[in-house]
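Next comes my_file_16.cif, a file with mmCIF, C-alpha atoms and all ligand atoms.
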```cif
data_final
loop_
_atom_site.group_PDB
_atom_site.id
_atom_site.type_symbol
_atom_site.label_atom_id
_atom_site.label_comp_id
_atom_site.auth_asym_id
_atom_site.auth_seq_id
_atom_site.Cartn_x
_atom_site.Cartn_y
_atom_site.Cartn_z
ATOM 1 C CA MET A 1 131.951 84.749 62.527
ATOM 2 C CA LYS A 2 131.754 80.991 62.234
ATOM 3 C CA LEU A 3 134.691 79.055 60.856
ATOM 4 C CA LYS A 4 134.510 75.410 59.810
ATOM 5 C CA ASN A 5 137.576 73.249 59.580
ATOM 6 C CA SER A 6 139.159 72.743 56.199
ATOM 7 C CA LEU A 7 139.656 69.486 54.319
ATOM 8 C CA PRO A 8 141.752 66.759 55.942
ATOM 9 C CA PRO A 9 145.354 66.535 54.740
ATOM 10 C CA SER A 10 145.530 64.299 51.695
ATOM 11 C CA LYS A 11 148.704 62.228 51.887
ATOM 12 C CA GLY A 12 152.027 61.807 53.634
ATOM 13 C CA TYR A 13 151.046 61.285 57.250
ATOM 14 C CA ARG A 14 153.309 63.186 59.660
ATOM 15 C CA GLY A 15 152.604 62.852 63.353
ATOM 16 C CA ARG A 16 154.524 64.096 66.353
ATOM 17 C CA PHE A 17 155.059 63.704 70.061
ATOM 18 C CA ALA A 18 155.770 67.019 71.752
ATOM 19 C CA PRO A 19 156.629 66.560 75.427
ATOM 20 C CA SER A 20 157.600 69.444 77.690
ATOM 21 C CA PRO A 21 160.848 68.454 79.446
ATOM 22 C CA THR A 22 159.511 69.098 82.932
ATOM 23 C CA GLY A 23 160.370 65.578 84.121
ATOM 24 C CA PRO A 24 160.537 61.964 82.930
ATOM 25 C CA LEU A 25 157.653 60.262 81.138
ATOM 26 C CA HIS A 26 155.039 58.695 83.442
ATOM 27 C CA ALA A 27 152.127 56.331 82.764
ATOM 28 C CA GLY A 28 150.011 59.232 81.460
ATOM 29 C CA SER A 29 152.542 60.657 79.046
ATOM 30 C CA LEU A 30 153.382 57.137 77.842
ATOM 31 C CA VAL A 31 149.752 56.756 76.714
ATOM 32 C CA ALA A 32 150.075 59.932 74.606
ATOM 33 C CA ALA A 33 153.426 58.795 73.181
ATOM 34 C CA LEU A 34 152.192 55.272 72.396
ATOM 35 C CA GLY A 35 148.869 56.466 70.925
ATOM 36 C CA SER A 36 150.516 58.933 68.562
ATOM 37 C CA TRP A 37 153.274 56.441 67.625
ATOM 38 C CA LEU A 38 150.704 53.704 66.844
ATOM 39 C CA ASP A 39 148.564 56.074 64.804
ATOM 40 C CA ALA A 40 151.608 57.156 62.762
ATOM 41 C CA ARG A 41 152.933 53.620 62.269
ATOM 42 C CA SER A 42 149.556 52.121 61.369
ATOM 43 C CA ASN A 43 149.207 54.900 58.752
ATOM 44 C CA LYS A 44 152.721 54.160 57.444
ATOM 45 C CA GLY A 45 153.595 57.698 58.433
ATOM 46 C CA LYS A 46 156.458 59.544 60.041
ATOM 47 C CA TRP A 47 156.619 60.201 63.782
ATOM 48 C CA LEU A 48 158.559 63.251 64.909
ATOM 49 C CA LEU A 49 159.861 64.136 68.324
ATOM 50 C CA ARG A 50 159.742 67.775 69.393
ATOM 51 C CA ILE A 51 160.953 68.936 72.777
ATOM 52 C CA GLU A 52 158.756 71.827 73.900
ATOM 53 C CA ASP A 53 161.258 73.633 76.066
ATOM 54 C CA ILE A 54 160.289 77.291 75.663
ATOM 55 C CA ASP A 55 158.687 77.656 79.091
ATOM 56 C CA THR A 56 162.172 77.689 80.578
ATOM 57 C CA PRO A 57 161.190 78.176 84.257
ATOM 58 C CA ARG A 58 159.250 74.879 84.088
ATOM 59 C CA CYS A 59 161.971 72.881 82.284
ATOM 60 C CA VAL A 60 164.174 70.481 84.211
ATOM 61 C CA ALA A 61 167.794 70.115 83.090
ATOM 62 C CA GLY A 62 168.386 66.711 81.484
ATOM 63 C CA ALA A 63 164.690 65.800 81.268
ATOM 64 C CA ASP A 64 164.837 65.912 77.450
ATOM 65 C CA GLN A 65 167.636 63.318 77.385
ATOM 66 C CA GLU A 66 165.770 61.185 79.923
ATOM 67 C CA ILE A 67 162.590 61.275 77.808
ATOM 68 C CA MET A 68 164.569 60.252 74.716
ATOM 69 C CA ARG A 69 166.184 57.401 76.643
ATOM 70 C CA GLN A 70 162.767 56.229 77.862
ATOM 71 C CA LEU A 71 161.240 56.344 74.369
ATOM 72 C CA GLN A 72 164.153 54.284 73.063
ATOM 73 C CA ALA A 73 163.746 51.702 75.832
ATOM 74 C CA TYR A 74 160.073 51.408 74.841
ATOM 75 C CA GLY A 75 160.882 50.952 71.143
ATOM 76 C CA LEU A 76 159.085 54.208 70.280
ATOM 77 C CA THR A 77 161.538 55.272 67.624
ATOM 78 C CA TRP A 78 161.247 58.630 65.915
ATOM 79 C CA ASP A 79 162.038 59.791 62.392
ATOM 80 C CA GLU A 80 164.142 62.803 61.443
ATOM 81 C CA ASP A 81 166.144 64.959 63.837
ATOM 82 C CA VAL A 82 164.720 65.851 67.212
ATOM 83 C CA SER A 83 163.588 69.474 67.330
ATOM 84 C CA TRP A 84 164.052 71.713 70.382
ATOM 85 C CA GLN A 85 161.765 74.737 70.493
ATOM 86 C CA SER A 86 164.368 76.768 72.398
ATOM 87 C CA LYS A 87 166.548 76.678 69.264
ATOM 88 C CA HIS A 88 163.873 78.260 67.064
ATOM 89 C CA LEU A 89 162.845 81.431 68.862
ATOM 90 C CA GLU A 90 163.258 83.486 65.671
ATOM 91 C CA ARG A 91 160.406 81.480 64.093
ATOM 92 C CA TYR A 92 157.996 82.498 66.828
ATOM 93 C CA GLN A 93 159.181 86.103 66.689
ATOM 94 C CA ARG A 94 158.535 86.168 62.936
ATOM 95 C CA ALA A 95 154.989 84.842 63.389
ATOM 96 C CA LEU A 96 154.310 87.464 66.056
ATOM 97 C CA GLU A 97 155.671 90.213 63.795
ATOM 98 C CA HIS A 98 153.465 88.945 60.999
ATOM 99 C CA LEU A 99 150.383 89.192 63.218
ATOM 100 C CA ASN A 100 151.535 92.670 64.229
ATOM 101 C CA GLU A 101 151.665 93.643 60.553
ATOM 102 C CA LEU A 102 148.110 92.351 60.174
ATOM 103 C CA ASN A 103 147.111 94.613 63.095
ATOM 104 C CA LEU A 104 145.991 91.660 65.166
ATOM 105 C CA VAL A 105 148.026 92.079 68.355
ATOM 106 C CA TYR A 106 148.213 94.556 71.196
ATOM 107 C CA PRO A 107 150.400 95.040 74.252
ATOM 108 C CA CYS A 108 149.101 94.192 77.713
ATOM 109 C CA THR A 109 150.669 95.054 81.034
ATOM 110 C CA CYS A 110 148.056 93.398 83.241
ATOM 111 C CA SER A 111 149.240 91.062 85.975
ATOM 112 C CA ARG A 112 147.284 87.942 86.860
ATOM 113 C CA GLN A 113 146.105 89.819 89.945
ATOM 114 C CA THR A 114 144.737 92.836 88.024
ATOM 115 C CA ILE A 115 142.963 90.521 85.595
ATOM 116 C CA LEU A 116 141.312 88.650 88.478
ATOM 117 C CA GLU A 117 140.304 91.964 90.059
ATOM 118 C CA ALA A 118 138.807 93.206 86.790
ATOM 119 C CA LEU A 119 136.836 89.971 86.488
ATOM 120 C CA ALA A 120 135.696 90.204 90.106
ATOM 121 C CA THR A 121 134.084 93.596 89.408
ATOM 122 C CA GLN A 122 132.027 91.758 86.775
ATOM 123 C CA GLY A 123 131.087 89.119 89.337
ATOM 124 C CA ILE A 124 133.330 86.475 87.742
ATOM 125 C CA SER A 125 135.700 84.366 89.840
ATOM 126 C CA PRO A 126 137.332 81.550 87.843
ATOM 127 C CA GLY A 127 137.848 78.332 89.794
ATOM 128 C CA ARG A 128 141.025 76.245 89.927
ATOM 129 C CA ASN A 129 141.734 74.656 86.514
ATOM 130 C CA GLN A 130 139.286 77.088 84.917
ATOM 131 C CA GLU A 131 140.288 79.307 82.023
ATOM 132 C CA ILE A 132 140.807 82.952 83.025
ATOM 133 C CA VAL A 133 139.002 84.787 80.226
ATOM 134 C CA TYR A 134 140.825 88.074 79.629
ATOM 135 C CA PRO A 135 138.332 90.957 80.049
ATOM 136 C CA GLY A 136 140.034 93.119 77.397
ATOM 137 C CA THR A 137 141.374 95.749 79.813
ATOM 138 C CA CYS A 138 144.292 96.866 77.591
ATOM 139 C CA ARG A 139 142.511 96.485 74.270
ATOM 140 C CA SER A 140 141.629 99.607 72.352
ATOM 141 C CA PRO A 141 140.825 99.815 68.638
ATOM 142 C CA GLU A 142 143.636 102.368 68.171
ATOM 143 C CA MET A 143 146.218 100.168 69.866
ATOM 144 C CA VAL A 144 145.238 97.146 67.796
ATOM 145 C CA ALA A 145 145.277 99.138 64.560
ATOM 146 C CA THR A 146 148.623 100.890 64.939
ATOM 147 C CA HIS A 147 151.894 99.265 64.019
ATOM 148 C CA LYS A 148 153.926 98.604 67.130
ATOM 149 C CA ASP A 149 157.630 98.002 67.494
ATOM 150 C CA ILE A 150 157.433 94.818 69.534
ATOM 151 C CA SER A 151 161.152 94.620 70.191
ATOM 152 C CA LEU A 152 161.197 98.061 71.830
ATOM 153 C CA ILE A 153 158.488 97.495 74.405
ATOM 154 C CA ALA A 154 159.739 95.699 77.505
ATOM 155 C CA ASN A 155 157.877 93.949 80.306
ATOM 156 C CA THR A 156 154.740 93.721 78.211
ATOM 157 C CA ALA A 157 152.667 90.764 77.093
ATOM 158 C CA TRP A 158 151.335 90.566 73.543
ATOM 159 C CA ARG A 159 147.758 89.439 73.077
ATOM 160 C CA LEU A 160 145.827 88.401 69.995
ATOM 161 C CA ALA A 161 142.834 90.638 69.255
ATOM 162 C CA LEU A 162 139.952 88.276 68.495
ATOM 163 C CA PRO A 163 137.051 89.312 66.274
ATOM 164 C CA SER A 164 133.700 89.262 68.057
ATOM 165 C CA ASN A 165 131.464 86.165 68.086
ATOM 166 C CA LEU A 166 134.312 83.895 67.060
ATOM 167 C CA VAL A 167 132.963 80.345 67.150
ATOM 168 C CA MET A 168 135.462 77.721 66.036
ATOM 169 C CA GLU A 169 134.287 74.293 64.953
ATOM 170 C CA PHE A 170 136.288 71.204 64.159
ATOM 171 C CA ASP A 171 135.942 67.439 64.116
ATOM 172 C CA ASP A 172 138.125 65.403 66.428
ATOM 173 C CA LEU A 173 138.795 61.870 65.207
ATOM 174 C CA ILE A 174 137.710 60.463 68.581
ATOM 175 C CA MET A 175 135.783 63.199 70.371
ATOM 176 C CA GLY A 176 133.674 64.052 67.331
ATOM 177 C CA HIS A 177 132.313 67.485 66.537
ATOM 178 C CA GLN A 178 133.644 70.297 68.713
ATOM 179 C CA SER A 179 132.616 73.887 68.981
ATOM 180 C CA GLN A 180 134.097 76.669 71.107
ATOM 181 C CA ASN A 181 133.188 80.325 71.401
ATOM 182 C CA LEU A 182 136.637 81.844 71.731
ATOM 183 C CA ASN A 183 135.393 85.192 73.036
ATOM 184 C CA GLN A 184 133.352 83.661 75.832
ATOM 185 C CA GLU A 185 135.586 80.728 76.717
ATOM 186 C CA VAL A 186 139.124 82.022 76.092
ATOM 187 C CA GLY A 187 139.316 85.753 75.353
ATOM 188 C CA ASP A 188 142.247 87.572 73.717
ATOM 189 C CA PHE A 189 144.994 85.098 74.544
ATOM 190 C CA VAL A 190 148.680 85.741 75.096
ATOM 191 C CA LEU A 191 151.227 85.027 72.343
ATOM 192 C CA ARG A 192 154.217 86.415 74.137
ATOM 193 C CA ARG A 193 154.395 86.754 77.892
ATOM 194 C CA ARG A 194 155.498 89.702 79.975
ATOM 195 C CA ASP A 195 158.748 87.864 80.746
ATOM 196 C CA GLY A 196 159.446 87.717 77.006
ATOM 197 C CA LEU A 197 158.725 84.000 76.570
ATOM 198 C CA PHE A 198 156.610 82.878 73.641
ATOM 199 C CA THR A 199 153.553 80.898 74.633
ATOM 200 C CA TYR A 200 152.765 77.273 73.947
ATOM 201 C CA GLN A 201 149.826 78.273 71.691
ATOM 202 C CA LEU A 202 151.995 80.283 69.321
ATOM 203 C CA ALA A 203 154.974 77.921 69.298
ATOM 204 C CA VAL A 204 152.940 74.743 68.775
ATOM 205 C CA VAL A 205 151.120 76.228 65.780
ATOM 206 C CA VAL A 206 154.305 77.569 64.185
ATOM 207 C CA ASP A 207 156.115 74.237 64.638
ATOM 208 C CA ASP A 208 153.266 72.014 63.473
ATOM 209 C CA GLU A 209 153.304 74.068 60.265
ATOM 210 C CA GLN A 210 157.081 74.195 59.998
ATOM 211 C CA GLN A 211 157.314 70.415 60.411
ATOM 212 C CA ASN A 212 154.364 69.760 58.075
ATOM 213 C CA VAL A 213 152.490 67.861 60.760
ATOM 214 C CA THR A 214 149.294 66.350 59.345
ATOM 215 C CA HIS A 215 148.021 64.584 62.489
ATOM 216 C CA VAL A 216 148.103 65.854 66.064
ATOM 217 C CA VAL A 217 147.487 62.947 68.427
ATOM 218 C CA ARG A 218 147.693 63.977 72.096
ATOM 219 C CA GLY A 219 145.903 63.796 75.438
ATOM 220 C CA GLN A 220 142.392 65.093 76.010
ATOM 221 C CA ASP A 221 143.733 67.625 78.509
ATOM 222 C CA LEU A 222 144.816 69.638 75.453
ATOM 223 C CA LEU A 223 141.436 69.500 73.674
ATOM 224 C CA SER A 224 140.365 72.940 74.898
ATOM 225 C CA ASN A 225 143.481 74.506 73.284
ATOM 226 C CA THR A 226 142.652 73.204 69.826
ATOM 227 C CA ALA A 227 140.126 75.836 68.730
ATOM 228 C CA ARG A 228 142.550 78.707 69.416
ATOM 229 C CA GLN A 229 145.324 76.804 67.622
ATOM 230 C CA ILE A 230 143.114 76.318 64.559
ATOM 231 C CA TYR A 231 142.236 80.009 64.632
ATOM 232 C CA LEU A 232 145.933 80.936 64.704
ATOM 233 C CA GLN A 233 146.524 78.587 61.759
ATOM 234 C CA LYS A 234 143.789 80.381 59.805
ATOM 235 C CA ILE A 235 145.093 83.884 60.351
ATOM 236 C CA LEU A 236 148.712 82.871 59.738
ATOM 237 C CA GLY A 237 147.703 81.083 56.535
ATOM 238 C CA PHE A 238 148.873 77.671 57.785
ATOM 239 C CA LYS A 239 147.563 74.202 56.926
ATOM 240 C CA GLN A 240 145.237 72.615 59.464
ATOM 241 C CA PRO A 241 146.172 69.152 60.771
ATOM 242 C CA GLN A 242 143.690 66.505 61.860
ATOM 243 C CA TYR A 243 143.198 66.251 65.615
ATOM 244 C CA LEU A 244 142.790 63.136 67.716
ATOM 245 C CA HIS A 245 142.582 63.522 71.489
ATOM 246 C CA LEU A 246 143.309 60.420 73.546
ATOM 247 C CA PRO A 247 141.599 59.407 76.808
ATOM 248 C CA LEU A 248 143.533 60.553 79.879
ATOM 249 C CA VAL A 249 144.955 58.369 82.590
ATOM 250 C CA LEU A 250 143.483 59.444 85.914
ATOM 251 C CA ASP A 251 144.802 58.723 89.384
ATOM 252 C CA ALA A 252 142.745 57.261 92.238
ATOM 253 C CA ASN A 253 141.285 60.729 92.950
ATOM 254 C CA GLY A 254 140.102 61.142 89.373
ATOM 255 C CA GLU A 255 142.832 63.697 88.649
ATOM 256 C CA LYS A 256 145.031 63.695 85.566
ATOM 257 C CA LEU A 257 148.412 62.044 86.202
ATOM 258 C CA SER A 258 151.082 64.699 86.167
ATOM 259 C CA LYS A 259 154.304 65.697 87.817
ATOM 260 C CA GLN A 260 152.201 67.743 90.243
ATOM 261 C CA THR A 261 150.376 64.615 91.367
ATOM 262 C CA LEU A 262 153.777 62.913 91.740
ATOM 263 C CA ALA A 263 153.288 60.416 88.942
ATOM 264 C CA THR A 264 156.311 58.122 88.915
ATOM 265 C CA ALA A 265 158.663 57.660 85.976
ATOM 266 C CA ILE A 266 157.969 54.616 83.816
ATOM 267 C CA PRO A 267 160.533 51.805 84.296
ATOM 268 C CA THR A 268 163.162 51.205 81.627
ATOM 269 C CA GLU A 269 165.645 48.657 83.016
ATOM 270 C CA ASP A 270 163.726 45.380 82.913
ATOM 271 C CA PRO A 271 162.158 44.458 79.520
ATOM 272 C CA LYS A 272 159.410 42.533 81.361
ATOM 273 C CA ALA A 273 158.461 45.687 83.262
ATOM 274 C CA VAL A 274 158.582 47.693 80.036
ATOM 275 C CA LEU A 275 156.218 45.230 78.345
ATOM 276 C CA ALA A 276 153.875 45.299 81.344
ATOM 277 C CA GLN A 277 153.813 49.109 81.221
ATOM 278 C CA LEU A 278 153.195 49.084 77.458
ATOM 279 C CA ARG A 279 150.347 46.599 77.920
ATOM 280 C CA GLN A 280 148.768 48.796 80.550
ATOM 281 C CA ALA A 281 148.965 51.817 78.223
ATOM 282 C CA ALA A 282 147.536 49.769 75.346
ATOM 283 C CA ILE A 283 144.608 48.553 77.439
ATOM 284 C CA HIS A 284 143.936 52.160 78.370
ATOM 285 C CA LEU A 285 143.939 52.966 74.639
ATOM 286 C CA GLY A 286 141.269 50.313 74.057
ATOM 287 C CA LEU A 287 143.443 47.832 72.167
ATOM 288 C CA LYS A 288 142.042 44.320 71.992
ATOM 289 C CA ASP A 289 143.577 40.863 71.441
ATOM 290 C CA LEU A 290 147.114 41.868 72.330
ATOM 291 C CA PRO A 291 149.886 39.358 72.984
ATOM 292 C CA ASP A 292 150.331 38.944 76.747
ATOM 293 C CA GLY A 293 154.004 39.924 76.603
ATOM 294 C CA GLU A 294 155.375 36.454 77.452
ATOM 295 C CA ASN A 295 158.197 35.283 75.169
ATOM 296 C CA ILE A 296 157.946 38.252 72.883
ATOM 297 C CA SER A 297 160.296 41.141 72.194
ATOM 298 C CA ILE A 298 159.262 44.777 72.618
ATOM 299 C CA ALA A 299 159.544 45.253 68.841
ATOM 300 C CA GLN A 300 157.281 42.240 68.166
ATOM 301 C CA TRP A 301 154.770 43.441 70.723
ATOM 302 C CA LEU A 302 154.701 46.922 69.141
ATOM 303 C CA GLN A 303 154.126 45.354 65.742
ATOM 304 C CA ALA A 304 151.110 43.465 67.103
ATOM 305 C CA ALA A 305 149.829 46.637 68.772
ATOM 306 C CA THR A 306 150.178 48.531 65.460
ATOM 307 C CA GLN A 307 147.992 45.882 63.794
ATOM 308 C CA ALA A 308 145.448 46.205 66.599
ATOM 309 C CA TRP A 309 145.341 50.029 66.627
ATOM 310 C CA LYS A 310 142.562 50.621 64.082
ATOM 311 C CA GLY A 311 140.363 48.084 65.926
ATOM 312 C CA SER A 312 140.689 49.976 69.207
ATOM 313 C CA THR A 313 137.470 50.598 71.139
ATOM 314 C CA ILE A 314 138.332 54.314 71.347
ATOM 315 C CA PHE A 315 137.255 54.613 67.702
ATOM 316 C CA SER A 316 133.876 52.947 68.194
HETATM 317 N N1 LIG A 401 154.095 70.163 75.232
HETATM 318 C C1 LIG A 401 152.716 69.887 75.523
HETATM 319 C C2 LIG A 401 152.610 69.070 76.787
HETATM 320 O O1 LIG A 401 153.542 68.344 77.109
HETATM 321 C C3 LIG A 401 152.012 69.079 74.471
HETATM 322 C C4 LIG A 401 151.854 69.812 73.217
HETATM 323 C C5 LIG A 401 151.010 69.125 72.173
HETATM 324 O O2 LIG A 401 151.024 67.891 72.025
HETATM 325 O O3 LIG A 401 150.343 69.867 71.451
HETATM 326 O O4 LIG A 401 151.592 69.138 77.450
HETATM 327 ZN ZN ZN A 402 146.232 94.165 80.013
#
```
Could the structure of this file be written out as structure tokens, please?
Amino acid sequence: MKLKNSLPPSKGYRGRFAPSPTGPLHAGSLVAALGSWLDARSNKGKWLLRIEDIDTPRCVAGADQEIMRQLQAYGLTWDEDVSWQSKHLERYQRALEHLNELNLVYPCTCSRQTILEALATQGISPGRNQEIVYPGTCRSPEMVATHKDISLIANTAWRLALPSNLVMEFDDLIMGHQSQNLNQEVGDFVLRRRDGLFTYQLAVVVDDEQQNVTHVVRGQDLLSNTARQIYLQKILGFKQPQYLHLPLVLDANGEKLSKQTLATAIPTEDPKAVLAQLRQAAIHLGLKDLPDGENISIAQWLQAATQAWKGSTIFS
């Protein structure tokens, strides 16, 4: 099966920034925030803020408030009420139940270790940062086809049963044409984990639909998730947003900046430091002919950056 992406959304641009509250924003996450804010503002659209706090073991108390304070200090204002994923668990449950009714999910009790062992018998040993493609251990046609009472089965993950030869194609506004064979590169992925938590893939798709998001602008580290998100949109009958994946900020070792690599929080106290940090992010985003930040307010600088956005070298 080969699925092409549908038509781009027609009007009413709605973008979003969806940080996980695992710590304060750093230079890398600022690039994603600024890029999506500029794209929304230059399209006269709305920019929503969604706190992706469903992976509770990874969340840090107060990080959501800190992120909001940082965005405000940087003039990256959002429209509408902030949305916290942890307050909408019933939405994700409903989507999972719907997929269950369509006979598209099955329970899985494999641990990471048993999956790695099963792969090893096939001579496969995924490297660090490599996708662990589920070998289908718990999948049986009967299990997929029967109706299951999800709420009654504890300590079990729920996986999506993919059709065979599922190649997803889409066009990224920067990265161009993309194609991913979901069977070979991803496998039947998890929608709800063994610990009961809903996964990022399910929650992000449900919320982008719920919030009528038309444009997903985010870092390139998330590019490889997009095909499975578009597939979920198709089977749930959701609209498909446009995707734009921004260049990542790498550290001196060529690794993505992250809390793991001890990226430091962006400064918020001194407006001069804020402008310097914004300029650095804008240069990374390929913006040309920007004001140097002398004798200019943050709001004025952002206005100039909004004008410059469509002329960015990342689009050429
Ligand atoms: N919460 C995700 C992250 O911080 C981003 C989700 C998204 O933009 O789709 O990595
Ligand atoms: Zn399993």
At a cut-off of 9 Å, can you tabulate as a Markdown table every residue of chain A near ligand LIG 401 (chain A) together with its closest atom pair and the distance in Å to one decimal, using only C-alpha atoms and all ligand atoms and ordering rows by chain then number?
```
| residue | atom | partner | partner_atom | distance |
| --- | --- | --- | --- | --- |
| A:Arg16 | CA | A:LIG401 | O2 | 7.7 |
| A:Phe17 | CA | A:LIG401 | O2 | 6.1 |
| A:Ala18 | CA | A:LIG401 | O2 | 4.8 |
| A:Pro19 | CA | A:LIG401 | O1 | 3.9 |
| A:Ser20 | CA | A:LIG401 | O1 | 4.2 |
| A:Pro21 | CA | A:LIG401 | O1 | 7.7 |
| A:Thr22 | CA | A:LIG401 | O1 | 8.4 |
| A:Ser29 | CA | A:LIG401 | O1 | 8.0 |
| A:Ala32 | CA | A:LIG401 | O2 | 8.4 |
| A:Arg50 | CA | A:LIG401 | N1 | 8.5 |
| A:Ile51 | CA | A:LIG401 | N1 | 7.4 |
| A:Glu52 | CA | A:LIG401 | N1 | 5.1 |
| A:Asp53 | CA | A:LIG401 | N1 | 8.0 |
| A:Tyr200 | CA | A:LIG401 | N1 | 7.3 |
| A:Gln201 | CA | A:LIG401 | O3 | 8.4 |
| A:Val204 | CA | A:LIG401 | O3 | 6.1 |
| A:Val205 | CA | A:LIG401 | O3 | 8.6 |
| A:Asp208 | CA | A:LIG401 | O3 | 8.8 |
| A:Val216 | CA | A:LIG401 | O2 | 6.9 |
| A:Val217 | CA | A:LIG401 | O2 | 7.1 |
| A:Arg218 | CA | A:LIG401 | O2 | 5.1 |
| A:Gly219 | CA | A:LIG401 | O2 | 7.4 |
| A:Asp221 | CA | A:LIG401 | O4 | 8.1 |
| A:Leu222 | CA | A:LIG401 | O3 | 6.8 |
| A:Asn225 | CA | A:LIG401 | O3 | 8.5 |
| A:Thr226 | CA | A:LIG401 | O3 | 8.5 |
```
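Between ligand ZN 402 (chain A) and the candidates A:Gly62, A:Pro141, A:Pro135, A:Gly293, the tightest atom-to-atom separation, counting all atoms listed in the file, involves A:Pro135.
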Open item on the list: To one decimal place in Å, what is the distance between atom CA of A:Ile266 and atom CA of A:Leu49?
Closed with: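 Here the two named atoms are 18.3 Å from each other.
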Open item on the list: Around ligand ZN 402 (chain A), out to 12 Å and counting only C-alpha atoms and all ligand atoms, which residues are there? I want them as a PyMOL selection string.
Closed with: chain A and resi 105-118+133-140+143+155-161+187-190+193-194
Task: Reference answer for the PyMOL selection byres (((chain A and resi 272-277) around 10) and not hetatm), as a ChimeraX atom specification - done: /A:26-27,30-31,70,73-75,266-271,278-283,292-298,301-302
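For A:Tyr231, the set of protein, DNA and RNA residues having any atom at most 10 Å away, when counting only C-alpha atoms and skipping those fewer than 3 positions along the same chain, is Leu3, Asn5, Leu162, Leu166, Val167, Met168, Glu169, Leu182, Val205, Thr226, Ala227, Arg228, Lys234, Ile235, Leu236, Gly237, Phe238 and Gln240 of chain A.
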Go ahead and write the residues just picked, C-alpha atoms, as a CSV table (one decimal), in the coordinates of the input.
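The resulting file, result.csv, is shown below:
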```csv
chain,number,residue,atom,x,y,z
A,3,LEU,CA,134.7,79.1,60.9
A,5,ASN,CA,137.6,73.2,59.6
A,162,LEU,CA,140.0,88.3,68.5
A,166,LEU,CA,134.3,83.9,67.1
A,167,VAL,CA,133.0,80.3,67.2
A,168,MET,CA,135.5,77.7,66.0
A,169,GLU,CA,134.3,74.3,65.0
A,182,LEU,CA,136.6,81.8,71.7
A,205,VAL,CA,151.1,76.2,65.8
A,226,THR,CA,142.7,73.2,69.8
A,227,ALA,CA,140.1,75.8,68.7
A,228,ARG,CA,142.6,78.7,69.4
A,234,LYS,CA,143.8,80.4,59.8
A,235,ILE,CA,145.1,83.9,60.4
A,236,LEU,CA,148.7,82.9,59.7
A,237,GLY,CA,147.7,81.1,56.5
A,238,PHE,CA,148.9,77.7,57.8
A,240,GLN,CA,145.2,72.6,59.5
```
Using all atoms listed in the file, tabulate the residues of stretch 112-229 of chain A lying at most 8 Å from any atom of stretch 90-97 of chain A, each with its closest atom pair and that distance in Å to one decimal, by chain and increasing residue number, as JSON lines.
```
{"residue": "A:Ile150", "atom": "CA", "partner": "A:Glu97", "partner_atom": "CA", "distance": 7.6}
{"residue": "A:Leu191", "atom": "CA", "partner": "A:Leu96", "partner_atom": "CA", "distance": 7.4}
{"residue": "A:Phe198", "atom": "CA", "partner": "A:Tyr92", "partner_atom": "CA", "distance": 7.0}
{"residue": "A:Leu202", "atom": "CA", "partner": "A:Tyr92", "partner_atom": "CA", "distance": 6.9}
{"residue": "A:Ala203", "atom": "CA", "partner": "A:Tyr92", "partner_atom": "CA", "distance": 6.0}
{"residue": "A:Val206", "atom": "CA", "partner": "A:Tyr92", "partner_atom": "CA", "distance": 6.7}
```
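Among the candidates A:Cys59, A:Leu48, A:Val213, A:Leu99, the one nearest to A:Arg192 when counting only C-alpha atoms is A:Leu99.
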TODO: Report the residues retrieved by the PyMOL selection byres (((chain A and resi 316) around 12) and not hetatm) from the displayed file, expressed as a PyMOL selection string.
DONE: chain A and resi 173-176+285-287+309-315
Taking all listed atoms of stretch 199-208 of chain A, build the axis-aligned box, pad each of the six sides by 8 Å, then write its centre and edge lengths in Å to one decimal as lines of an AutoDock Vina configuration file.
```
center_x = 153.0
center_y = 76.5
center_z = 69.1
size_x = 22.3
size_y = 24.9
size_z = 27.2
```
Open item on the list: Report, in Å with one decimal, the straight-line distance from atom CA of A:Asn165 to atom CA of A:Gly123.
Closed with: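 Between atom CA of A:Asn165 and atom CA of A:Gly123 the gap is 21.5 Å.
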- [ ] In Å, rounded to a single decimal, give me how far atom CA of A:Ile67 is from atom CA of A:Leu257.
- [x]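 So the answer is 16.5 Å.
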- [ ] Write out as a ChimeraX atom specification which residues come within 8 Å of A:His147 when counting all atoms listed in the file, dropping same-chain ones fewer than 3 positions away.
- [x] /A:100-101,103,144
Open item on the list: Translate the PyMOL selection byres (((chain A and resi 45) around 12) and not hetatm) into a concrete residue list for this structure, as a list in words.
Closed with: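 Residues picked by the PyMOL selection byres (((chain A and resi 45) around 12) and not hetatm): Lys11, Gly12, Tyr13, Arg14, Gly15, Arg16, Ser36, Trp37, Leu38, Asp39, Ala40, Arg41, Ser42, Asn43, Lys44, Lys46, Trp47, Leu48, Trp78, Asp79, Val213, Thr214 and His215 of chain A.
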Open item on the list: Could you check the closest approach to A:Gln72 for each of A:Lys148, A:Ser125, A:Ser86, A:Ala33 and tell me which residue wins, using only C-alpha atoms?
Closed with: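 Residue with the minimum atom-to-atom distance to A:Gln72: A:Ala33.
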- [ ] Using all atoms listed in the file, find the one residue out of A:Leu197, A:Ala263, A:Ala120, A:Leu246 that sits nearest to A:Gln220.
- [x]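 The answer is A:Leu246, which sits nearest to A:Gln220.
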Open item on the list: Considering all atoms listed in the file, can you say which of A:Gly254, A:Gly35, A:Pro163, A:Gly196 comes closest to A:Gln184?
Closed with: A:Pro163
